[in-house]
Structures are given as structure tokens and as C-alpha cells.
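Step one of this worksheet: look at the structure below.
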Amino acid sequence: MLEDYRKKRDFTKTAEPAPEQLKSEQAIYVVQKHNARRIHFDLRLEHNGVLKSWAVPKGLSDDPQDKRLAIRTEDHPVAYATFSGTIPEGEYGAGTVEIWDKGKFVNITVKGSKVQPLSEALEKGHFIIYLKGEKLDGSYAFTRIENDEWIIVKKREKPPRSAEIDVGGHHIKITHPEKELDEGIKKAELVEYYRNVAPLMLPHVKDRFLSMFRFPEGVRGERFFQKNIPDYFPDWIESKCLEHESGVTCYAIVKDEAAIVYISNQVVVPHITVTRIDKPDLPDKMIFDLDPSRPDVSSLKSAALKLKGFLEALGFRSYIMTTGGKGYHIAVPVKRELDNKGVRDFALKIAQTLAKQDATVTTDLRVEKREGRIFIDVNRISAMQTSVAPFAARSEPGLPVASPFPWDELANIDPRSYSIRNYPKVDAWSDFFASAVSIRDVIEKLT
């Protein structure tokens, strides 16, 4: 990747850094003012261990009306981000180089409902990044027009407004509190909901890998999953990395109520794993996601009660919550003994046994095969999967809430009964983790 950079320079004559590709990914950027044959600016973005580089004759503009030409140049080593000095006469780019701006960037290119990887977006010729530096602060769109010629335009943004609150000794800046997320519901109201519900929510999300389903422009805007913790998160929010077959993911980890409130300012639906960070392969709960094929709440409630009875007959205690969507989640606390596959396989056997006894439910993954039946999904029990967190507000009109509630209230509680304006003020799952049962013990009794 640095071969062109190497060929153009004589490192016995220039003080520019030698070509070296790094494995780290720090998401840094630098803008260097380069006084060569004529003054121009070089923009460099760190990606895949090198600095992706553009020469921008007039520099980046703060005005969304300005379209700035940028010429893609050779990749530079990451060490070039700190280079300033004089390139000798006769050398490529001879002249003075000074650092004009530096900071971090976040890729916010969205394709479908997900963040498009920067490598893919670069190749396609269009990407959007948010730059946060000493001088630059905003979102910029990059579009290739021909060969190495690109156009860079600053995205139009509303004037920023903010408020600040104190949670547990942490000062949290709430940005754009007046932004309307849904008709009559402003962002400030969502943050205040999480501030109030944080004590109930914390036991259920603490020390779990957190995946963020974001809807920053409200319920009718773009939505996408963001699993990696952004670089701009404060140091007091912890992170933990997991290695998957597809790569490494570094998740945000909630440790206190302040982290819940800070994350709510990002306008996210928190999703969590069935494992905790100290034993990431051993689930402490089974989740049965009851997903109806058609709007028949009566049959849905009947299926939930049948599953509850079946689980109790095996010796488990089950807990129910609304999803804020179409169905219910039934969660079962278990002792941390079996790995994800072992717990998932056991949960699937329970669901399959119930499906044989009850014609209204199915475990068939194929939608076309369900024939109007209620799908019992156990696939959230996985190192690669997450499910909506208890007390999470959903990205749907009215901001409905996934809320725990007592079984004896099922007759009166539909999947979307609760919202950020109407939710239980006590935790119906307060004894959840104290009720864990050993799956091994249950299997032993059955054999």
C-alpha cells in the first residue's frame, strides 16, 4: 500500500517518515498546509494502517455551498500525521509542511440500515465522515467524480444546542435537546426517561457487551447498528473487545447509571448479550422471543402462558417483558455452566417440544413455512447476537418501551402497552438473577 510513497522519495535526503504500515486503527486525521509550488492542503485519514490522502487546493470549507476539489494521492505512513518541516529542493513535494489541523474522525456512511465499511465506501466512491478536530467540527461528504478527482462538501447541519446534566459525578452534555424524534417527543424527553429508569435498567445491562441500534434523526430517519464503541466516547465508559470469525469488535460496557444516560444522548436502542464480560462464553439466561406472524394478541398471550407452564414443569422460573414491537420476550435465568451453543440447543429443544404440542407455534426459521404461527426464536443465545435490553426505548412512533412486567398482568398488557411516558416504576425482574437454575441439574432429572 505504501509502494508509491516509497518510490517517490529518497529517505537519505528527506526527513519525511519511512514507509511503515501499522496494524492499529486509531481513526485519526490530519490536515497539513503544504507550501510547495503553490500553497495547498493535504487531508489524510488513518485507515487500514496507512493514511489515505487527498490534496485539497483550497482546503476544506465550513460552507455547505462550497464544493472543494480534492485529488487522491498516494497512501502515506501513519507516522506522517505528526510530520512538519521542510522537504528539500529536488525532492518530491519540495517545500514546507505544517500541521494545520488534527483530530479524530468517525465513518457515518450508511448503506441500507447499517454503517457501510469505509474500505467498501472508498472503493464505491462515496463516503461521509464526521471530523472532530482543533479547527474542523462537522460532517463532510466525499464523492469521486473521475479517476483521482473527488469533491468534498460539508453537510448542512442545524445550529447546535446543548444542555448539561450531572449523573453520578459525571457531567454529561446533551446535544440537540430540542431535536424532534417523533411528533411531540423531543430528544430531551428521551434522555430524561433514561435518567429516571437507569436504576431499574442497570442490573440488566451492567457488564454486558452492548450493541447500539441508532436512530439519530428520529423514528422516520436512518437506522443502523453500531457495535464498536466510538472513539469520542469518554474514558470513563469502559470497553471490551471480542474476537469473532469476521474480526474484532470493541463493545461499550455499562458500569453505572451515568453510562446509560450518556449512551441515550447518542439516540440508541441498547441491545445486550446473554453473557457477561467476565465469562463471555457462558450465558446466564435463556431468551425465548415470541414473534407473531399476524396480529393476534390473544393467541400470543396463550402461547406465552403455555411456555411459562412448560418451563415451570421443568423447574425453571420465567420472566416476561414487552418488546415494544410485535411480541414478548420470555427470559429464564440459568447458572453459568454451559456455553452458548449448549444453552441455545437446550432452549431449542424446549421450543420444539412445545411446537409439537401446540399447533399455534413453530420453530421454523423460514417465514414462508410458518403459516401464520407464532415463531419461538432462541437464536439470541449466541456470542454474535444481542437482544433488546429491558427498559430500552424502541425506534418506533411513540417510543414504546421493552418493559418487564409481572405474569399476573399479562391479560392487560400488550407488546406495545408501555412507552417512555407510561412505564412501570418498579422492576418486575428484581429477583431475576437470584432465581438461576442449573440446566445440568434439570437434564439429570429428566434422564
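If you're wondering about the labels, chains in the C-alpha cells are A, B, ... by order shown, residues count from 1 in each chain, ligands from 1 in order shown.
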For this session: Within 10 Å of Phe405 (chain A), counting only C-alpha atoms, which residues show up once you throw out same-chain ones fewer than 6 positions away? Write them as a ChimeraX atom specification, please.
Result: /A:319-322,413,423-424,426-429
Exercise. Could you write out, as a ChimeraX atom specification, all the residues of region 105-199 of chain A that DSSP marks as alpha helix (DSSP H)?
Worked result: /A:118-124,187-199
For this session: For CA of Lys356 (chain A) and CA of Leu307 (chain A), determine how far apart the two atoms are, in Å to one decimal place.
Result: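 These atoms are spaced 12.3 Å apart.
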Distance table requested - region 375-428 of chain A against region 204-218 of chain A, cut-off 12 Å, only C-alpha atoms: one row per qualifying residue with the closest atom pair and its distance in Å to one decimal, ordered by chain and rising residue number, as a tab-separated table.
```
residue	atom	partner	partner_atom	distance
A:Ser382	CA	A:Phe209	CA	11.9
A:Ala383	CA	A:Phe209	CA	9.5
A:Met384	CA	A:Phe209	CA	10.3
A:Gln385	CA	A:Ser211	CA	9.3
A:Thr386	CA	A:Ser211	CA	7.1
A:Ser387	CA	A:Ser211	CA	9.0
A:Val388	CA	A:Ser211	CA	9.2
A:Ala389	CA	A:Val205	CA	6.9
A:Pro390	CA	A:His204	CA	6.7
A:Phe391	CA	A:His204	CA	9.1
A:Ala392	CA	A:Val205	CA	10.2
A:Ala393	CA	A:Phe213	CA	10.7
A:Arg394	CA	A:Phe213	CA	9.2
A:Ser395	CA	A:Phe215	CA	6.6
A:Glu396	CA	A:Gly218	CA	8.7
A:Pro397	CA	A:Gly218	CA	9.1
A:Gly398	CA	A:Gly218	CA	10.8
A:Leu399	CA	A:Gly218	CA	9.7
A:Ser403	CA	A:His204	CA	11.6
A:Pro404	CA	A:His204	CA	10.8
A:Asp427	CA	A:His204	CA	10.3
A:Ala428	CA	A:His204	CA	11.8
```
